[in-house]
file final.txt (compact mmCIF, C-alpha atoms and all ligand atoms)
# COMPACT_ATOMS: atom_id res chain seq x y z
CA MET F 164 -14.51 -3.34 -15.23
CA SER F 165 -13.88 -7.05 -14.99
CA LYS F 166 -10.73 -8.47 -13.52
CA ASP F 167 -9.31 -11.89 -13.01
CA VAL F 168 -7.85 -11.52 -9.56
CA THR F 169 -7.60 -15.18 -8.75
CA GLY F 170 -5.41 -16.13 -11.66
CA LYS F 171 -7.82 -19.02 -12.20
CA GLY F 172 -10.15 -17.33 -14.60
CA GLU F 173 -12.67 -16.26 -11.95
CA ALA F 174 -13.95 -12.87 -12.94
CA VAL F 175 -14.57 -10.38 -10.19
CA VAL F 176 -16.85 -7.61 -11.28
CA SER F 177 -16.59 -4.17 -9.85
CA THR F 178 -18.19 -0.92 -10.80
CA VAL F 179 -15.91 2.00 -10.22
CA SER F 180 -18.16 4.95 -9.57
CA ALA F 181 -15.93 7.61 -11.02
CA GLU F 182 -13.91 6.70 -14.11
CA ARG F 183 -11.34 9.37 -13.32
CA PRO F 184 -11.27 10.07 -9.61
CA GLU F 185 -8.19 12.24 -10.26
CA ALA F 186 -10.54 14.86 -11.68
CA THR F 187 -11.65 15.68 -8.13
CA ALA F 188 -9.55 17.35 -5.43
CA PRO F 189 -7.37 14.78 -3.69
CA VAL F 190 -8.24 13.61 -0.19
CA LEU F 191 -4.54 13.33 0.56
CA SER F 192 -1.86 15.48 -0.98
CA MET F 193 1.77 15.22 0.16
CA ARG F 194 4.34 17.65 -1.20
CA GLY F 195 8.10 17.64 -0.77
CA VAL F 196 8.01 15.27 2.19
CA SER F 197 11.44 14.23 3.45
CA LYS F 198 12.51 12.11 6.39
CA HIS F 199 15.99 11.26 7.66
CA PHE F 200 16.98 8.71 10.25
CA GLY F 201 20.42 9.96 11.24
CA ALA F 202 22.49 9.80 8.07
CA VAL F 203 19.91 7.69 6.22
CA ALA F 204 17.63 9.64 3.89
CA ALA F 205 14.57 7.38 4.10
CA LEU F 206 12.42 9.78 2.05
CA THR F 207 13.50 12.71 -0.13
CA ASP F 208 11.07 15.23 -1.56
CA ILE F 209 8.11 12.88 -1.94
CA ASP F 210 4.87 13.96 -3.63
CA LEU F 211 1.78 11.79 -3.43
CA ASP F 212 -1.91 12.40 -4.20
CA VAL F 213 -4.78 10.05 -3.41
CA HIS F 214 -8.40 10.74 -4.35
CA ALA F 215 -11.71 9.52 -2.98
CA GLY F 216 -12.80 6.34 -4.75
CA GLU F 217 -9.27 5.58 -5.87
CA VAL F 218 -6.81 2.80 -5.05
CA VAL F 219 -3.19 3.91 -5.25
CA ALA F 220 -0.61 1.15 -4.96
CA LEU F 221 2.63 2.17 -3.30
CA VAL F 222 5.43 -0.04 -4.57
CA GLY F 223 9.19 -0.17 -4.29
CA ASP F 224 12.00 -2.49 -3.38
CA ASN F 225 13.00 -3.26 0.18
CA GLY F 226 14.12 -0.09 1.93
CA ALA F 227 12.50 2.17 -0.68
CA GLY F 228 10.70 4.11 2.03
CA LYS F 229 7.13 2.77 1.80
CA SER F 230 6.68 2.02 5.47
CA THR F 231 8.29 5.30 6.45
CA LEU F 232 5.76 7.16 4.30
CA VAL F 233 2.91 5.24 5.89
CA LYS F 234 4.27 5.86 9.37
CA ILE F 235 4.32 9.61 8.71
CA LEU F 236 0.63 9.45 7.77
CA ALA F 237 -0.15 7.19 10.73
CA GLY F 238 1.46 9.61 13.19
CA VAL F 239 4.30 7.27 14.14
CA HIS F 240 7.09 9.50 12.77
CA PRO F 241 6.95 13.25 12.05
CA GLN F 242 8.33 14.29 8.65
CA ASP F 243 11.39 16.57 8.61
CA THR F 244 10.16 18.79 5.80
CA GLY F 245 7.25 19.06 3.38
CA THR F 246 3.50 19.41 3.72
CA VAL F 247 0.59 17.06 4.17
CA ASN F 248 -2.80 18.29 3.05
CA PHE F 249 -5.75 16.17 4.10
CA ASP F 250 -9.33 16.81 3.08
CA GLY F 251 -8.43 20.31 1.90
CA LYS F 252 -6.48 21.41 4.98
CA ASP F 253 -2.77 21.48 5.72
CA VAL F 254 -2.31 19.19 8.71
CA THR F 255 0.40 18.19 11.15
CA ILE F 256 0.11 14.62 12.35
CA HIS F 257 1.91 14.35 15.69
CA THR F 258 0.41 11.13 17.03
CA PRO F 259 -1.58 8.07 15.93
CA VAL F 260 -4.63 9.65 17.58
CA ASP F 261 -4.23 12.75 15.36
CA SER F 262 -4.12 10.46 12.33
CA ILE F 263 -7.26 8.54 13.31
CA GLN F 264 -9.14 11.73 14.19
CA LEU F 265 -8.34 13.19 10.79
CA GLY F 266 -9.91 10.13 9.16
CA ILE F 267 -6.83 8.09 8.28
CA ALA F 268 -7.05 4.38 9.09
CA THR F 269 -3.89 2.30 8.90
CA VAL F 270 -3.93 -1.49 8.83
CA PHE F 271 -0.38 -2.56 9.65
CA GLN F 272 0.98 -5.81 8.39
CA ASP F 273 0.85 -7.58 11.75
CA LEU F 274 -2.87 -6.64 12.01
CA ALA F 275 -2.70 -6.34 15.82
CA LEU F 276 -5.72 -8.54 16.47
CA CYS F 277 -6.34 -10.36 19.76
CA ASP F 278 -6.41 -14.03 18.80
CA ASN F 279 -8.28 -15.23 21.86
CA LEU F 280 -11.13 -12.74 21.45
CA SER F 281 -14.11 -13.10 19.14
CA VAL F 282 -14.60 -11.18 15.91
CA VAL F 283 -17.09 -8.81 17.53
CA ASP F 284 -14.82 -8.24 20.55
CA ASN F 285 -11.93 -7.41 18.23
CA LEU F 286 -14.04 -5.03 16.18
CA PHE F 287 -15.15 -3.06 19.23
CA LEU F 288 -12.04 -3.42 21.38
CA GLY F 289 -11.49 -0.09 23.15
CA ARG F 290 -14.73 1.41 21.87
CA GLU F 291 -17.34 -0.94 23.26
CA LEU F 292 -20.94 0.16 23.03
CA GLY F 293 -22.89 0.90 26.19
CA PRO F 294 -20.76 2.62 28.82
CA TRP F 295 -22.21 0.91 31.92
CA ARG F 296 -23.26 -2.44 30.57
CA LEU F 297 -21.96 -3.77 27.26
CA ASN F 298 -24.59 -3.70 24.57
CA GLU F 299 -23.66 -7.08 23.12
CA VAL F 300 -26.67 -7.31 20.85
CA GLU F 301 -26.09 -3.93 19.24
CA MET F 302 -22.36 -4.65 18.78
CA GLU F 303 -23.21 -7.95 17.11
CA VAL F 304 -25.78 -6.31 14.83
CA GLN F 305 -23.31 -3.60 13.83
CA SER F 306 -20.58 -6.18 13.25
CA TRP F 307 -22.76 -8.12 10.83
CA LYS F 308 -23.80 -4.93 9.09
CA LEU F 309 -20.20 -3.89 8.60
CA LEU F 310 -19.06 -7.31 7.45
CA ARG F 311 -22.00 -7.56 5.04
CA GLN F 312 -21.09 -4.18 3.55
CA LEU F 313 -17.67 -5.62 2.83
CA SER F 314 -19.19 -8.86 1.50
CA ALA F 315 -16.96 -10.59 4.03
CA LYS F 316 -17.10 -14.33 4.38
CA ILE F 317 -16.90 -14.71 8.16
CA PRO F 318 -18.76 -17.77 9.50
CA SER F 319 -19.68 -16.22 12.85
CA VAL F 320 -18.87 -13.03 14.71
CA ARG F 321 -18.71 -14.98 17.97
CA ILE F 322 -15.83 -17.28 17.04
CA ALA F 323 -12.30 -16.52 18.15
CA VAL F 324 -10.13 -14.72 15.62
CA ALA F 325 -7.52 -17.48 16.10
CA SER F 326 -9.74 -19.87 14.16
CA LEU F 327 -10.08 -17.62 11.10
CA SER F 328 -8.06 -17.89 7.90
CA GLY F 329 -5.45 -15.27 7.01
CA GLY F 330 -7.81 -13.57 4.58
CA GLN F 331 -10.62 -13.50 7.14
CA ARG F 332 -8.28 -12.02 9.74
CA GLN F 333 -7.26 -9.32 7.26
CA THR F 334 -10.96 -8.64 6.70
CA VAL F 335 -11.58 -8.25 10.43
CA ALA F 336 -8.62 -5.86 10.74
CA ILE F 337 -9.88 -3.78 7.82
CA ALA F 338 -13.45 -3.82 9.16
CA ARG F 339 -12.19 -2.61 12.53
CA SER F 340 -10.39 0.30 10.93
CA LEU F 341 -13.61 1.29 9.15
CA LEU F 342 -15.56 1.77 12.40
CA GLY F 343 -14.11 5.27 12.76
CA SER F 344 -15.55 6.21 9.31
CA PRO F 345 -12.18 7.08 7.76
CA LYS F 346 -11.69 8.85 4.45
CA LEU F 347 -8.34 7.23 3.71
CA ILE F 348 -7.38 3.66 4.47
CA ILE F 349 -3.79 2.47 4.25
CA LEU F 350 -3.13 -1.24 3.87
CA ASP F 351 0.43 -2.42 4.41
CA GLU F 352 1.01 -5.62 2.41
CA PRO F 353 -2.55 -6.91 2.88
CA THR F 354 -1.98 -10.04 0.80
CA ALA F 355 1.62 -10.85 1.72
CA ALA F 356 0.94 -13.98 3.73
CA LEU F 357 -2.13 -15.22 1.88
CA GLY F 358 -2.92 -18.05 -0.51
CA VAL F 359 -4.63 -17.61 -3.87
CA ALA F 360 -8.26 -17.78 -2.70
CA GLN F 361 -7.66 -15.59 0.35
CA THR F 362 -5.78 -13.05 -1.75
CA ALA F 363 -8.76 -12.85 -4.11
CA GLU F 364 -11.03 -12.29 -1.10
CA VAL F 365 -8.90 -9.42 0.18
CA LEU F 366 -8.61 -7.86 -3.29
CA ASN F 367 -12.41 -8.00 -3.57
CA LEU F 368 -12.53 -6.21 -0.25
CA VAL F 369 -10.20 -3.49 -1.53
CA GLU F 370 -12.59 -2.98 -4.45
CA ARG F 371 -15.52 -2.69 -2.00
CA LEU F 372 -13.62 0.03 -0.15
CA ARG F 373 -13.16 1.97 -3.37
CA GLU F 374 -16.83 1.53 -4.28
CA ASN F 375 -17.72 2.96 -0.89
CA GLY F 376 -15.82 6.11 -1.87
CA LEU F 377 -12.75 5.64 0.28
CA ALA F 378 -9.29 6.65 -0.80
CA VAL F 379 -7.03 3.59 -0.50
CA ILE F 380 -3.24 3.29 -0.35
CA MET F 381 -2.12 -0.30 -0.77
CA ILE F 382 1.49 -1.29 -0.27
CA SER F 383 2.36 -4.44 -2.16
CA HIS F 384 5.30 -6.35 -3.56
CA ASN F 385 3.00 -8.41 -5.76
CA MET F 386 2.54 -6.92 -9.23
CA GLN F 387 -0.44 -9.19 -9.99
CA ASP F 388 -2.30 -7.84 -6.97
CA VAL F 389 -1.36 -4.30 -7.88
CA LYS F 390 -2.53 -4.78 -11.45
CA ALA F 391 -5.77 -6.36 -10.26
CA VAL F 392 -7.04 -3.53 -8.09
CA ALA F 393 -4.99 -0.33 -8.33
CA ASP F 394 -6.09 2.68 -10.39
CA ARG F 395 -2.67 4.28 -10.13
CA VAL F 396 0.67 3.12 -8.87
CA ALA F 397 3.32 5.28 -7.20
CA VAL F 398 6.84 3.90 -7.35
CA LEU F 399 9.40 4.72 -4.68
CA ARG F 400 13.04 4.00 -5.29
CA LEU F 401 15.76 4.69 -2.75
CA GLY F 402 13.47 7.09 -0.94
CA LYS F 403 12.47 9.13 -4.00
CA ASN F 404 9.51 9.25 -6.36
CA ASN F 405 10.38 7.17 -9.41
CA GLY F 406 7.20 7.54 -11.43
CA THR F 407 3.45 7.59 -10.93
CA PHE F 408 1.57 5.55 -13.48
CA ARG F 409 -2.04 5.06 -14.45
CA MET F 410 -2.52 1.35 -14.22
CA LYS F 411 -4.26 1.05 -17.56
CA GLU F 412 -1.29 2.63 -19.29
CA VAL F 413 1.65 0.76 -17.81
CA SER F 414 3.01 -2.73 -18.34
CA THR F 415 4.33 -4.96 -15.59
CA ASP F 416 7.77 -4.75 -17.17
CA GLU F 417 7.72 -0.95 -17.05
CA LEU F 418 6.69 -1.05 -13.41
CA ILE F 419 9.42 -3.48 -12.48
CA ALA F 420 11.92 -1.38 -14.39
CA ALA F 421 10.86 1.69 -12.39
CA ILE F 422 11.13 -0.27 -9.15
CA THR F 423 14.56 -1.67 -9.87
CA GLY F 424 15.94 1.35 -11.71
CA ALA F 425 16.61 -0.58 -14.93
CA THR F 426 14.78 2.04 -16.88
CA ASP F 427 16.57 4.61 -18.82
CA ASN F 428 18.21 3.52 -21.95
CA VAL F 429 18.82 0.49 -24.05
CA VAL F 430 22.30 0.00 -22.65
CA THR F 431 21.07 -0.12 -19.06
CA GLN F 432 18.23 -2.38 -20.06
CA ARG F 433 20.58 -4.79 -21.78
CA ALA F 434 22.93 -4.67 -18.85
CA ALA F 435 20.07 -5.42 -16.49
CA GLN F 436 19.10 -8.40 -18.60
CA THR F 437 22.53 -9.93 -18.49
CA GLY F 438 22.94 -9.26 -14.81
CA ALA F 439 25.74 -6.77 -15.40
CA ALA F 440 23.55 -4.07 -13.94
CA ALA F 441 23.81 -5.71 -10.56
CA ALA F 442 27.56 -5.26 -10.59
CA ALA F 443 27.32 -1.74 -12.01
CA ASN F 444 24.81 -0.78 -9.34
CA ALA F 445 26.95 -2.18 -6.58
CA ALA F 446 29.98 -0.28 -7.81
CA GLY F 447 28.32 2.93 -8.93
CA THR F 448 25.66 3.84 -6.40
CA ALA F 449 27.33 2.72 -3.19
CA GLY F 450 26.36 4.89 -0.26
CA THR F 451 23.96 7.05 -2.20
CA VAL F 452 20.29 7.36 -1.63
CA GLY F 453 18.60 8.45 -4.77
CA GLY F 454 19.98 6.76 -7.81
CA ALA F 455 16.48 7.38 -9.07
CA ASP F 456 16.57 8.98 -12.40
CA ARG F 457 13.01 9.53 -13.46
CA LEU F 458 10.62 11.64 -11.46
CA ASP F 459 7.62 11.28 -13.64
CA GLY F 460 5.41 8.83 -15.47
CA PRO F 461 6.35 6.47 -18.24
CA GLY F 462 8.37 8.67 -20.52
CA GLY F 463 10.12 6.12 -22.66
CA GLY F 464 8.94 3.03 -24.47
CA SER F 465 8.21 -0.18 -22.69
CA LEU F 466 10.77 -2.84 -22.09
CA PRO F 467 10.63 -5.93 -24.23
CA PRO F 468 9.09 -8.95 -22.49
CA GLY F 469 11.41 -10.64 -20.05
CA GLN F 470 13.60 -7.57 -19.92
CA ALA F 471 13.36 -6.59 -16.32
CA PRO F 472 15.41 -8.25 -13.64
CA GLY F 473 13.28 -10.21 -11.19
CA SER F 474 10.20 -12.23 -11.84
CA PRO F 475 6.97 -10.30 -12.38
CA GLY F 476 5.42 -11.64 -9.20
CA GLN F 477 8.48 -10.94 -7.09
CA PRO F 478 9.98 -7.59 -7.97
CA GLY F 479 12.05 -7.61 -4.82
CA SER F 480 13.78 -10.80 -5.89
CA GLY F 481 15.74 -9.27 -8.75
CA PRO F 482 19.46 -9.77 -8.90
CA ALA F 483 20.36 -6.13 -8.31
CA PRO F 484 20.75 -5.43 -4.60
CA GLU F 485 20.65 -1.74 -3.74
CA GLU F 486 22.98 0.05 -1.48
CA GLY F 487 21.42 1.71 1.51
CA ALA F 488 18.42 -0.46 0.93
CA ALA F 489 18.94 -3.00 3.64
CA PRO F 490 15.91 -3.06 5.86
N1 LIG V 1 13.28 3.72 12.71
C1 LIG V 1 14.29 3.74 11.82
N2 LIG V 1 15.54 4.08 12.19
C2 LIG V 1 16.55 4.13 11.30
N3 LIG V 1 16.40 3.85 9.97
C3 LIG V 1 15.18 3.53 9.53
C4 LIG V 1 14.06 3.44 10.43
N4 LIG V 1 12.98 3.10 9.70
C5 LIG V 1 13.40 2.96 8.44
N5 LIG V 1 14.72 3.21 8.33
C6 LIG V 1 15.49 3.20 7.09
O1 LIG V 1 14.80 3.96 6.12
C7 LIG V 1 14.86 3.34 4.85
C8 LIG V 1 13.45 3.08 4.35
O2 LIG V 1 12.86 2.06 5.14
P1 LIG V 1 11.37 1.57 5.01
O3 LIG V 1 11.10 0.64 6.14
O4 LIG V 1 10.48 2.76 4.89
O5 LIG V 1 11.40 0.79 3.63
P2 LIG V 1 10.26 -0.08 2.93
O6 LIG V 1 10.08 0.47 1.57
O7 LIG V 1 9.07 -0.15 3.81
O8 LIG V 1 10.97 -1.50 2.81
P3 LIG V 1 10.35 -2.99 2.94
O9 LIG V 1 9.76 -3.31 1.61
O10 LIG V 1 11.57 -3.82 3.22
O11 LIG V 1 9.36 -3.01 4.06
C9 LIG V 1 15.70 2.08 5.03
O12 LIG V 1 17.01 2.38 4.65
C10 LIG V 1 15.59 1.81 6.51
O13 LIG V 1 16.74 1.12 6.96
MG MG V 2 8.11 -1.72 4.84

call {"tool": "encode", "arguments": {"input": "final.txt", "output": "structure tokens", "more": "lines below"}}
Ligand SMILES: Nc1ncnc2c1ncn2[C@@H]1O[C@H](COP(=O)(O)OP(=O)(O)OP(=O)(O)O)[C@@H](O)[C@H]1O
Ligand SMILES: [Mg+2]
result
Amino acid sequence: MSKDVTGKGEAVVSTVSAERPEATAPVLSMRGVSKHFGAVAALTDIDLDVHAGEVVALVGDNGAGKSTLVKILAGVHPQDTGTVNFDGKDVTIHTPVDSIQLGIATVFQDLALCDNLSVVDNLFLGRELGPWRLNEVEMEVQSWKLLRQLSAKIPSVRIAVASLSGGQRQTVAIARSLLGSPKLIILDEPTAALGVAQTAEVLNLVERLRENGLAVIMISHNMQDVKAVADRVAVLRLGKNNGTFRMKEVSTDELIAAITGATDNVVTQRAAQTGAAAAANAAGTAGTVGGADRLDGPGGGSLPPGQAPGSPGQPGSGPAPEEGAAP
């Protein structure tokens, strides 16, 4: 597979080991997962499967429930109902330690790196090698090995993280999460704050993770990034599943329509185009969580080009604000 992830015509070549990772049993399988915060239904009856060697993008507008889903897997919040099956076993994730011990690594958006410490110190923070005397040499060797596996472009493992670029910092955070040999890695908006070249670097890294057989969940608001690396994309809308799509079979317009809810018939599509949908949404779905109407893949035809509200790169910027969706 060859993809232009830079938008500048630079081809990035990857070899996906399994053409259809879905053919194998999923590493992660969530069924009927719901989560309320008081009166707010953050997630309702969510199903999600992720397989080894597969990148699943988790997309949705602000307040759709993406972070809540991730926090359930990371052991930050318990779910109210539903099951989580990981690596073939039903599991209950009470704490972040439970999550890590299962083999789930979560890289949160703020990365939680220590700016004043070096790359190697950040990688081994809290799990330094050599209990009595730090084995600096071995830690440095292992750091290089890990970074080389990821084809990371880090100038030195002894420089402070503060002097790295955004993409390099993201790389260090991802590398750190890999030290526990996880089976699933969750990346929350890994390219949100990055420029074009750094984004390409991080997307390359995501492809390396897949090649190494990891299951990857990537949250993103950027459809170009999603299209560049994801095998499948799961859309959340107002806390519900609103379609799971194989990336090869879905257009950006269809994805944006699933995200914004401008999906179902020609009338809604036309209304969305003229901006009338924004008003209809505001009047019709006030106070509800779950205006989502489609629980499966792309049933209908694709929208004509330019149909969906919001620019392709910025699905969250569409003109149709959603009730109950304020962060
Ligand atoms: N700790 C909390 N307490 C109360 N409500 C919460 C809490 N966390 C999330 N919510 C609510 O749950 C819903 C889903 O929020 P969540 O943060 O999961 O959305 P998101 O898809 O990650 O959005 P964004 O793209 O803005 O990050 C929102 O309505 C939010 O206000
Ligand atoms: Mg979020």

call {"tool": "closest_atom_pairs", "arguments": {"input": "final.txt", "of": "chain F", "to": "ligand LIG 1 (chain V)", "cutoff": "8 Å", "atoms": "only C-alpha atoms and all ligand atoms", "output": "JSON lines"}}
result
{"residue": "F:His199", "atom": "CA", "partner": "V:LIG1", "partner_atom": "O1", "distance": 7.6}
{"residue": "F:Phe200", "atom": "CA", "partner": "V:LIG1", "partner_atom": "C2", "distance": 4.7}
{"residue": "F:Gly201", "atom": "CA", "partner": "V:LIG1", "partner_atom": "C2", "distance": 7.0}
{"residue": "F:Val203", "atom": "CA", "partner": "V:LIG1", "partner_atom": "O12", "distance": 6.3}
{"residue": "F:Ala204", "atom": "CA", "partner": "V:LIG1", "partner_atom": "O1", "distance": 6.7}
{"residue": "F:Ala205", "atom": "CA", "partner": "V:LIG1", "partner_atom": "O1", "distance": 4.0}
{"residue": "F:Leu206", "atom": "CA", "partner": "V:LIG1", "partner_atom": "C8", "distance": 7.2}
{"residue": "F:Val222", "atom": "CA", "partner": "V:LIG1", "partner_atom": "O6", "distance": 7.7}
{"residue": "F:Gly223", "atom": "CA", "partner": "V:LIG1", "partner_atom": "O6", "distance": 6.0}
{"residue": "F:Asp224", "atom": "CA", "partner": "V:LIG1", "partner_atom": "O9", "distance": 5.5}
{"residue": "F:Asn225", "atom": "CA", "partner": "V:LIG1", "partner_atom": "O10", "distance": 3.4}
{"residue": "F:Gly226", "atom": "CA", "partner": "V:LIG1", "partner_atom": "O5", "distance": 3.3}
{"residue": "F:Ala227", "atom": "CA", "partner": "V:LIG1", "partner_atom": "O6", "distance": 3.7}
{"residue": "F:Gly228", "atom": "CA", "partner": "V:LIG1", "partner_atom": "O4", "distance": 3.2}
{"residue": "F:Lys229", "atom": "CA", "partner": "V:LIG1", "partner_atom": "O6", "distance": 3.7}
{"residue": "F:Ser230", "atom": "CA", "partner": "V:LIG1", "partner_atom": "O7", "distance": 3.6}
{"residue": "F:Thr231", "atom": "CA", "partner": "V:LIG1", "partner_atom": "O4", "distance": 3.7}
{"residue": "F:Leu232", "atom": "CA", "partner": "V:LIG1", "partner_atom": "O4", "distance": 6.5}
{"residue": "F:His384", "atom": "CA", "partner": "V:LIG1", "partner_atom": "O9", "distance": 7.5}
{"residue": "F:Leu399", "atom": "CA", "partner": "V:LIG1", "partner_atom": "O6", "distance": 7.6}
{"residue": "F:Leu401", "atom": "CA", "partner": "V:LIG1", "partner_atom": "C8", "distance": 7.6}
{"residue": "F:Gly402", "atom": "CA", "partner": "V:LIG1", "partner_atom": "C8", "distance": 6.6}
{"residue": "F:Gly487", "atom": "CA", "partner": "V:LIG1", "partner_atom": "O12", "distance": 5.5}
{"residue": "F:Ala488", "atom": "CA", "partner": "V:LIG1", "partner_atom": "O12", "distance": 4.9}
{"residue": "F:Ala489", "atom": "CA", "partner": "V:LIG1", "partner_atom": "O13", "distance": 5.7}
{"residue": "F:Pro490", "atom": "CA", "partner": "V:LIG1", "partner_atom": "O13", "distance": 4.4}

call {"tool": "residues_around", "arguments": {"input": "final.txt", "residues": "F:Ala268", "least_positions_apart": "2", "cutoff": "7 Å", "atoms": "only C-alpha atoms", "output": "number ranges by chain"}}
result
F: 263, 266, 270, 340, 345, 347-349

call {"tool": "write_last_selection", "arguments": {"input": "final.txt", "atoms": "C-alpha atoms", "output": "PDB file, keeping the file's coordinate frame"}}
result
ATOM      1  CA  ILE F 263      -7.260   8.540  13.310  1.00  0.00           C
ATOM      2  CA  GLY F 266      -9.910  10.130   9.160  1.00  0.00           C
ATOM      3  CA  VAL F 270      -3.930  -1.490   8.830  1.00  0.00           C
ATOM      4  CA  SER F 340     -10.390   0.300  10.930  1.00  0.00           C
ATOM      5  CA  PRO F 345     -12.180   7.080   7.760  1.00  0.00           C
ATOM      6  CA  LEU F 347      -8.340   7.230   3.710  1.00  0.00           C
ATOM      7  CA  ILE F 348      -7.380   3.660   4.470  1.00  0.00           C
ATOM      8  CA  ILE F 349      -3.790   2.470   4.250  1.00  0.00           C
TER       9      ILE F 349
END

call {"tool": "atom_distance", "arguments": {"input": "final.txt", "atom1": "atom CA of F:Gly245", "atom2": "atom CA of F:Ile209"}}
result
8.2 Å

call {"tool": "atom_distance", "arguments": {"input": "final.txt", "atom1": "atom CA of F:Val359", "atom2": "atom CA of F:Leu342"}}
result
27.6 Å

call {"tool": "closest_residue", "arguments": {"input": "final.txt", "among": "F:Asn248, F:Gln331, F:Thr187, F:Ser281", "to": "F:Gly216", "atoms": "only C-alpha atoms"}}
result
F:Thr187

call {"tool": "closest_residue", "arguments": {"input": "final.txt", "among": "F:Ala378, F:Ile317, F:Ile419, F:Ala425", "to": "F:Val398", "atoms": "all atoms listed in the file"}}
result
F:Ile419

call {"tool": "residues_around", "arguments": {"input": "final.txt", "residues": "F:Asp394", "least_positions_apart": "4", "cutoff": "7 Å", "atoms": "all atoms listed in the file", "output": "ChimeraX atom specification"}}
result
/F:217-219,409-410

call {"tool": "closest_residue", "arguments": {"input": "final.txt", "among": "F:Ile267, F:Val233, F:Ala188, F:Ala393", "to": "ligand MG 2 (chain V)", "atoms": "all atoms listed in the file"}}
result
F:Val233

call {"tool": "atom_distance", "arguments": {"input": "final.txt", "atom1": "atom CA of F:Asn385", "atom2": "atom CA of F:Asn285"}}
result
28.3 Å

call {"tool": "closest_residue", "arguments": {"input": "final.txt", "among": "F:Glu412, F:Glu374, F:Glu352, F:Asp388", "to": "ligand MG 2 (chain V)", "atoms": "all atoms listed in the file"}}
result
F:Glu352

call {"tool": "closest_residue", "arguments": {"input": "final.txt", "among": "F:Leu366, F:Ala397, F:Ala355, F:Ala391", "to": "ligand MG 2 (chain V)", "atoms": "only C-alpha atoms and all ligand atoms"}}
result
F:Ala355

call {"tool": "residues_around", "arguments": {"input": "final.txt", "residues": "stretch 189-194 of chain F", "least_positions_apart": "6", "cutoff": "7 Å", "atoms": "all atoms listed in the file", "output": "list in words"}}
result
Ile209, Asp210, Leu211, Asp212, Val213, His214, Ala215, Gly245, Thr246, Val247, Asn248, Phe249 and Asp250 of chain F

call {"tool": "residues_around", "arguments": {"input": "final.txt", "residues": "F:Val300", "least_positions_apart": "6", "cutoff": "12 Å", "atoms": "only C-alpha atoms", "output": "VMD selection string"}}
result
chain F and resid 283 to 284 291 to 293 306 to 307 320 to 321

call {"tool": "closest_residue", "arguments": {"input": "final.txt", "among": "F:Ala315, F:Ile337, F:Val196, F:Leu221", "to": "F:Val396", "atoms": "all atoms listed in the file"}}
result
F:Leu221

call {"tool": "axis_aligned_box", "arguments": {"input": "final.txt", "around": "stretch 300-313 of chain F", "padding_each_side": "5 Å", "output": "lines of an AutoDock Vina configuration file"}}
result
center_x = -22.2
center_y = -5.9
center_z = 11.8
size_x = 19.0
size_y = 14.5
size_z = 28.0
